[in-house]
Structure formats: structure tokens, C-alpha cells
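Shown next, in C-alpha cells, is the structure this report addresses.
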Amino acid sequence: VWVGKRSELPRKYKSAKKINAKGRMVLPGLVDSHTHLVFAGDRSREFEMRLAGQSYQDIAKSGGGIVRTMGATRKASESELLETARERLQVFLKQGVTTVEIKTGYGLDFESEKKCLKVIDRLRREGPPTVMATLLAAHAIPPEFQGRKHEYTKIVATDWLPKLKKYCDFVDMFIDDGYFDIADAEVLLSQAQKLKIPIKLHADELKLTGGTDMACKFKALSADHLLQITQREIDLLSRSEVTATLLPTTAFFLKTTHGPARRLLSGGARVALASDFNPGTSPTQDISVVAAFGALQMGMRTEEVIAAITLNGAYALVLEKQKGALLPGYDADFIMMESESVARLFYEFGQVHRHLSVFCRGKFHGT
Ligand code: NIG
Ligand code: FE
């Protein structure tokens, strides 16, 4: 309700409950605006295949990849999925992540996508982190639609989307080589627009296939990945309101160059960083590593990194008036850290900050 100097605290708040930060730094709770944390199974053997020289796309073509996780996720019960997802959410919370976006996309049939949305809905109701739900039914072509990609897209758009609308905040789609193309995007995204569901997109991750153009055309909240974009797409994003969400642990894991953070920032684009936590291309949940890559490998300054995992992440979820900043009217999601610099959040990368206290909506949640 109010932020400022102690000496200027309005009288009416003087009797409010006090939390002594003991000289620690107070930061907004972190926002992870891109995760796929509801899934079952394990893909470490595929990792080994990649280390032996196979590409992510080759593995996907031979029955691995997203479709493999789909098999395990379809088999898992709602309560099994809930249990692992809940644990993963706690892993984020311990690091100070108080808002998490979660995508479906490993069900790929109506009932299984719905099952995953219900798991996300349960997590949302349980809290304490704020959870946002994204339908990513267009994540891969399920085996029963092999060779009938456009048909699958059409069913997702005209049948599933209206039925699942009440469970999801956003719609996402994997527009890429071997996945969905811009013709599919036109079908699904125009339907999302008609139903007034905000759009987020996996764009230009593996190849440049028009995902960024679609994000700008359909006024998406965010275009995510962007590993393959050129100056043309950088200019498009810079002129738009679309948040450019970069996922550095994915680039690292795929052994590709990072997204062009510096050039996007100098163009004036809004840049967010997120974990992309998923079993295929970013199996880590460590937000400090995400931030450290932003700083050390993408040339982002400390304040740009912090903005990218707070307010800019909130923009990518239409939460910029509630999350990611410590301002009157915002939710009191914040972390306290014993440190001489905010950079300690990622300077000590790869470990949970020992002196971090986490608060969601003003309530203490540990450490
Ligand atoms: O964000 N790009 C699409 N989806 C994930 C990969 C999912 C998987 O391999 O299971 C990603 O990189
Ligand atoms: Fe992703």
C-alpha cells in the first residue's frame, strides 16, 4: 500500500505489523515466465545420445523428444503429476521465484491436456507462488495425427480451445522446423484472438520460420527463445509491445549461441529471462544460472538481469501491475537477501542463496 522512507511513513500505518529486515536488501519476488513443469518420465538417455553426436531434431524424428515425454505424461495419473509438479514448484519458491508460468504440452490429446491444466489449476489454488496456466496443445504433432498436422491444429483451435478456455490464461504454440508452421499459426492464433485468450509463442528457436512475425502480427504478450532471429526480427520486436523472452539455459543445453539480448536491448525491446524448465532442452530449475548466463554470456547489466527476472517477466504474463516491482498497489511478493549488491543473486550461481527469505503476498515462506 505504500513504499518510502521510514521518516515519511503515514501515521495510519504506524501500528501495522513490523518485519525487521535487519539491514538486508529487499527485492521483488522473482518471476519465471516460461516453464513446462508438468511432465512425467525422464529423458536422460536422449541427453546421452546428444552427447554421442545426435541432434535434438534427429532424436525427435526417431520417436524421442516431446512425444516421448507425452507417452509418460499420458500414463501418469493426475495425482502423480500433481505430486512431482508441487515439489518442482517448491524448488522455485526456495530461490525466491514467487510467480511461475506453467505450460501444458505433454498430453497432446484432449483428456491429457485437460488433466495437465487441472494439475496447474490445483497448484494455483494451493499456492503460495502465483501460478499462471498456458495451453500448449500445439507443442508437437501427436502420433495419432502423424502426417495430418493441419487437421490437428484445426481440432485444437476449434474444439479444444473453446472447451479448455476456462482453465487457461494463455495460449502458446511451438512454431518451428518439424513442428508447427505459420499456416497453423494463423488458424490457432486467430481463434485465440477471437476467444480473447492472450498469446505467447515459442518462436525461432531451432530455425527461423516466422514465429517472431506471428508474435508481432497477433500482438502476442511474448515471443520466446529467439535463438535464430536476425536484425529484421530484432527491429520488429523493438518496435512492438511484445516481450522478448530469452531462455539461456536452453541455448546452453542445445549448444547454440545465446539469444541477442544486447541488440534487443539497444533496439528498445523489453527483454525477459526465464528458465524454460523442461525435460528435453532445459532440465534445470536454477534461476541463478539463468541470470548468470544473462550477465556473463549475453552482456546484460545487473539491473537488466534483475528487470528480466522480475518486472519484464511480469509483463510477459500481463501481471505488470501486480508483480515484479515493489510499488503501491502491487502484491507484496518479495525476497530479502543479505548482500552488498543485488548481483549476489546470480554471482553465487548454481546454489540457493543461504540468506534468502521469501514472502508471497506479505506472508513468510521460509529460509
Ligand atoms: O521450450 N521448444 C519447445 N519446447 C521445449 C522443449 C520440450 C522438450 O523437448 O520436451 C522448449 O525448448
Ligand atoms: Fe519452452
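All residue names refer to the C-alpha cells as shown: chains lettered A, B, ... in order, residues numbered from 1 in each chain, ligands numbered from 1 in order.
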
Contacts of chain A with ligand 2 up to 10 Å, shortest pair per row, only C-alpha atoms and all ligand atoms, as a tab-separated table:
```
residue	atom	partner	partner_atom_place_in_ligand_line	distance
A:His34	CA	ligand 2	1 (Fe)	6.4
A:Thr35	CA	ligand 2	1 (Fe)	6.3
A:His36	CA	ligand 2	1 (Fe)	6.5
A:Ile102	CA	ligand 2	1 (Fe)	9.7
A:Lys103	CA	ligand 2	1 (Fe)	8.2
A:Gly105	CA	ligand 2	1 (Fe)	9.6
A:Leu136	CA	ligand 2	1 (Fe)	9.5
A:His139	CA	ligand 2	1 (Fe)	9.0
A:Asp172	CA	ligand 2	1 (Fe)	9.4
A:Met173	CA	ligand 2	1 (Fe)	9.4
A:Phe174	CA	ligand 2	1 (Fe)	8.1
A:Leu201	CA	ligand 2	1 (Fe)	8.8
A:His202	CA	ligand 2	1 (Fe)	6.4
A:Ala203	CA	ligand 2	1 (Fe)	9.5
A:Glu205	CA	ligand 2	1 (Fe)	9.3
A:Asp224	CA	ligand 2	1 (Fe)	7.5
A:His225	CA	ligand 2	1 (Fe)	7.6
A:Leu247	CA	ligand 2	1 (Fe)	8.2
A:Thr250	CA	ligand 2	1 (Fe)	8.5
A:Ala274	CA	ligand 2	1 (Fe)	9.4
A:Ser275	CA	ligand 2	1 (Fe)	8.5
A:Asp276	CA	ligand 2	1 (Fe)	4.8
A:Phe277	CA	ligand 2	1 (Fe)	7.3
A:Asn278	CA	ligand 2	1 (Fe)	7.1
A:Gly280	CA	ligand 2	1 (Fe)	9.5
A:Thr281	CA	ligand 2	1 (Fe)	8.2
A:Ser282	CA	ligand 2	1 (Fe)	8.4
```

Could those selected residues go to a file with C-alpha atoms, as a tab-separated table (two decimals), in the first residue's frame?
```tsv
chain	number	residue	atom	x	y	z
A	34	HIS	CA	8.24	-19.71	-19.14
A	35	THR	CA	8.24	-23.26	-17.73
A	36	HIS	CA	6.93	-26.67	-18.72
A	102	ILE	CA	3.37	-23.32	-16.42
A	103	LYS	CA	2.57	-24.76	-19.85
A	105	GLY	CA	2.05	-29.63	-23.95
A	136	LEU	CA	0.44	-25.55	-25.31
A	139	HIS	CA	3.68	-28.36	-28.84
A	172	ASP	CA	1.18	-20.95	-26.73
A	173	MET	CA	2.40	-22.78	-29.83
A	174	PHE	CA	5.74	-24.24	-30.95
A	201	LEU	CA	4.84	-18.10	-28.64
A	202	HIS	CA	7.82	-20.43	-28.97
A	203	ALA	CA	9.44	-18.56	-31.83
A	205	GLU	CA	14.28	-21.46	-31.59
A	224	ASP	CA	10.19	-16.78	-26.55
A	225	HIS	CA	13.57	-18.36	-27.42
A	247	LEU	CA	15.98	-18.75	-22.26
A	250	THR	CA	18.14	-23.86	-23.29
A	274	ALA	CA	13.16	-17.41	-17.93
A	275	SER	CA	14.13	-21.00	-17.15
A	276	ASP	CA	12.15	-22.89	-19.84
A	277	PHE	CA	12.35	-25.75	-17.34
A	278	ASN	CA	11.50	-28.91	-19.34
A	280	GLY	CA	14.24	-32.02	-23.27
A	281	THR	CA	16.10	-28.75	-23.59
A	282	SER	CA	16.41	-27.18	-20.14
```

Would you list the contacts of Val242 (chain A) as a PyMOL selection string, taking every protein, DNA or RNA residue within 6 Å and counting only C-alpha atoms, but skipping same-chain residues closer than 4 positions in sequence? chain A and resi 220-222

From a DSSP calculation on the backbone, collect every residue of region 185-367 of chain A in strand (DSSP E) and output the set as a ChimeraX atom specification. /A:200-203,222-225,243-246,271-273,334-337,357-360,363-364

The selected residues should be written to file as a PDB file, in the first residue's frame (atoms: C-alpha atoms).
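Result file follows (result-v4.pdb):
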```
ATOM      1  CA  LYS A 200       2.659 -16.401 -26.034  1.00  0.00           C
ATOM      2  CA  LEU A 201       4.835 -18.103 -28.641  1.00  0.00           C
ATOM      3  CA  HIS A 202       7.815 -20.426 -28.971  1.00  0.00           C
ATOM      4  CA  ALA A 203       9.442 -18.565 -31.832  1.00  0.00           C
ATOM      5  CA  SER A 222       5.809 -12.575 -25.618  1.00  0.00           C
ATOM      6  CA  ALA A 223       7.970 -14.234 -28.244  1.00  0.00           C
ATOM      7  CA  ASP A 224      10.192 -16.776 -26.549  1.00  0.00           C
ATOM      8  CA  HIS A 225      13.567 -18.360 -27.418  1.00  0.00           C
ATOM      9  CA  THR A 243       8.253  -9.045 -24.642  1.00  0.00           C
ATOM     10  CA  ALA A 244      11.338 -10.829 -25.981  1.00  0.00           C
ATOM     11  CA  THR A 245      11.836 -13.758 -23.618  1.00  0.00           C
ATOM     12  CA  LEU A 246      15.273 -15.335 -23.754  1.00  0.00           C
ATOM     13  CA  VAL A 271      13.743  -8.437 -22.539  1.00  0.00           C
ATOM     14  CA  ALA A 272      12.740 -11.104 -20.026  1.00  0.00           C
ATOM     15  CA  LEU A 273      14.775 -14.122 -18.951  1.00  0.00           C
ATOM     16  CA  PHE A 334       9.361 -10.012  -2.067  1.00  0.00           C
ATOM     17  CA  ILE A 335      12.661 -11.552  -1.064  1.00  0.00           C
ATOM     18  CA  MET A 336      15.243 -10.434   1.470  1.00  0.00           C
ATOM     19  CA  MET A 337      18.899 -11.046   0.881  1.00  0.00           C
ATOM     20  CA  SER A 357      13.868 -15.054   2.912  1.00  0.00           C
ATOM     21  CA  VAL A 358      10.850 -15.397   0.680  1.00  0.00           C
ATOM     22  CA  PHE A 359       7.461 -13.713   1.122  1.00  0.00           C
ATOM     23  CA  CYS A 360       4.351 -14.270  -1.000  1.00  0.00           C
ATOM     24  CA  LYS A 363       3.458 -13.950   4.141  1.00  0.00           C
ATOM     25  CA  PHE A 364       6.768 -15.516   5.066  1.00  0.00           C
TER      26      PHE A 364
END
```

Extract, using only C-alpha atoms, all DNA, RNA and protein residues at most 9 Å from Ala343 (chain A), discarding same-chain residues fewer than 2 positions from it, and format them as a VMD selection string. chain A and resid 302 to 303 305 to 306 339 to 341 345 to 348

Report the residues of region 154-229 of chain A whose backbone DSSP state falls under alpha helix (DSSP H), written as an NGL selection string. :A and (154-155 or 161-164 or 182-194 or 211-217)

Which residue of A:Pro328, A:Gly294, A:Gly64, A:Gly127 approaches Trp2 (chain A) most closely, using only C-alpha atoms: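 Ranked by minimum distance to Trp2 (chain A), first place goes to A:Pro328.
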
Which residue out of A:Gly29, A:Gly41, A:Pro142, A:Pro279 has the minimum interatomic distance to Ala307 (chain A) when only C-alpha atoms are used?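 Checking each of A:Gly29, A:Gly41, A:Pro142, A:Pro279 against Ala307 (chain A), counting only C-alpha atoms, the winner is A:Gly29.
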
Would you pick out the contacts of region 161-166 of chain A at 12 Å or less, using only C-alpha atoms, so that residues sharing its chain but fewer than 4 positions from it are not included, and give the list as a ChimeraX atom specification? /A:104,110-118,121,133-138,153-157,170-172,187-198

File of the preceding selection, C-alpha atoms, as a tab-separated table (two decimals), in the first residue's frame:
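Printed below is out-v3.tsv as written:
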```tsv
chain	number	residue	atom	x	y	z
A	104	THR	CA	0.82	-27.96	-20.79
A	110	PHE	CA	-7.89	-33.62	-25.19
A	111	GLU	CA	-8.16	-35.56	-21.94
A	112	SER	CA	-4.44	-35.45	-21.18
A	113	GLU	CA	-4.13	-31.73	-21.90
A	114	LYS	CA	-7.12	-31.19	-19.64
A	115	LYS	CA	-5.52	-33.37	-16.97
A	116	CYS	CA	-2.38	-31.20	-17.06
A	117	LEU	CA	-4.44	-27.99	-16.91
A	118	LYS	CA	-6.24	-29.37	-13.85
A	121	ASP	CA	-5.16	-25.25	-11.54
A	133	ALA	CA	-1.56	-21.55	-16.88
A	134	THR	CA	-0.77	-21.79	-20.58
A	135	LEU	CA	-2.31	-24.24	-23.02
A	136	LEU	CA	0.44	-25.55	-25.31
A	137	ALA	CA	-1.50	-28.30	-27.06
A	138	ALA	CA	0.32	-27.27	-30.26
A	153	THR	CA	-4.13	-27.70	-35.38
A	154	LYS	CA	-7.71	-27.21	-36.52
A	155	ILE	CA	-9.10	-29.51	-33.83
A	156	VAL	CA	-7.05	-27.75	-31.14
A	157	ALA	CA	-8.32	-24.38	-32.40
A	170	PHE	CA	-2.72	-18.02	-22.25
A	171	VAL	CA	-2.25	-19.99	-25.46
A	172	ASP	CA	1.18	-20.95	-26.73
A	187	VAL	CA	-5.53	-20.96	-37.67
A	188	LEU	CA	-4.83	-21.30	-33.95
A	189	LEU	CA	-3.89	-17.72	-33.17
A	190	SER	CA	-6.85	-16.14	-34.92
A	191	GLN	CA	-9.11	-18.43	-32.89
A	192	ALA	CA	-7.28	-17.45	-29.67
A	193	GLN	CA	-7.82	-13.82	-30.58
A	194	LYS	CA	-11.48	-14.44	-31.24
A	195	LEU	CA	-11.80	-16.06	-27.80
A	196	LYS	CA	-9.75	-13.21	-26.26
A	197	ILE	CA	-7.05	-15.51	-24.88
A	198	PRO	CA	-3.65	-13.74	-24.81
```

List the spatial neighbours of Met132 (chain A) as a list in words - criterion: any atom at most 10 Å away, only C-alpha atoms, same-chain residues fewer than 3 positions off excluded.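 In the requested format, the answer is Ser33, His34, Thr99, Val100, Glu101, Ile102, Lys103, Ile120, Asp121, Leu123, Arg124, Pro129, Tyr167, Cys168, Asp169, Phe170, Leu317 and Leu319 of chain A.
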
When you count only C-alpha atoms, which of these residues is closest to Ile59 (chain A): A:Gly178, A:Arg24, A:Leu9, A:Glu304?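 Among A:Gly178, A:Arg24, A:Leu9, A:Glu304, it is A:Gly178 that comes nearest to Ile59 (chain A).
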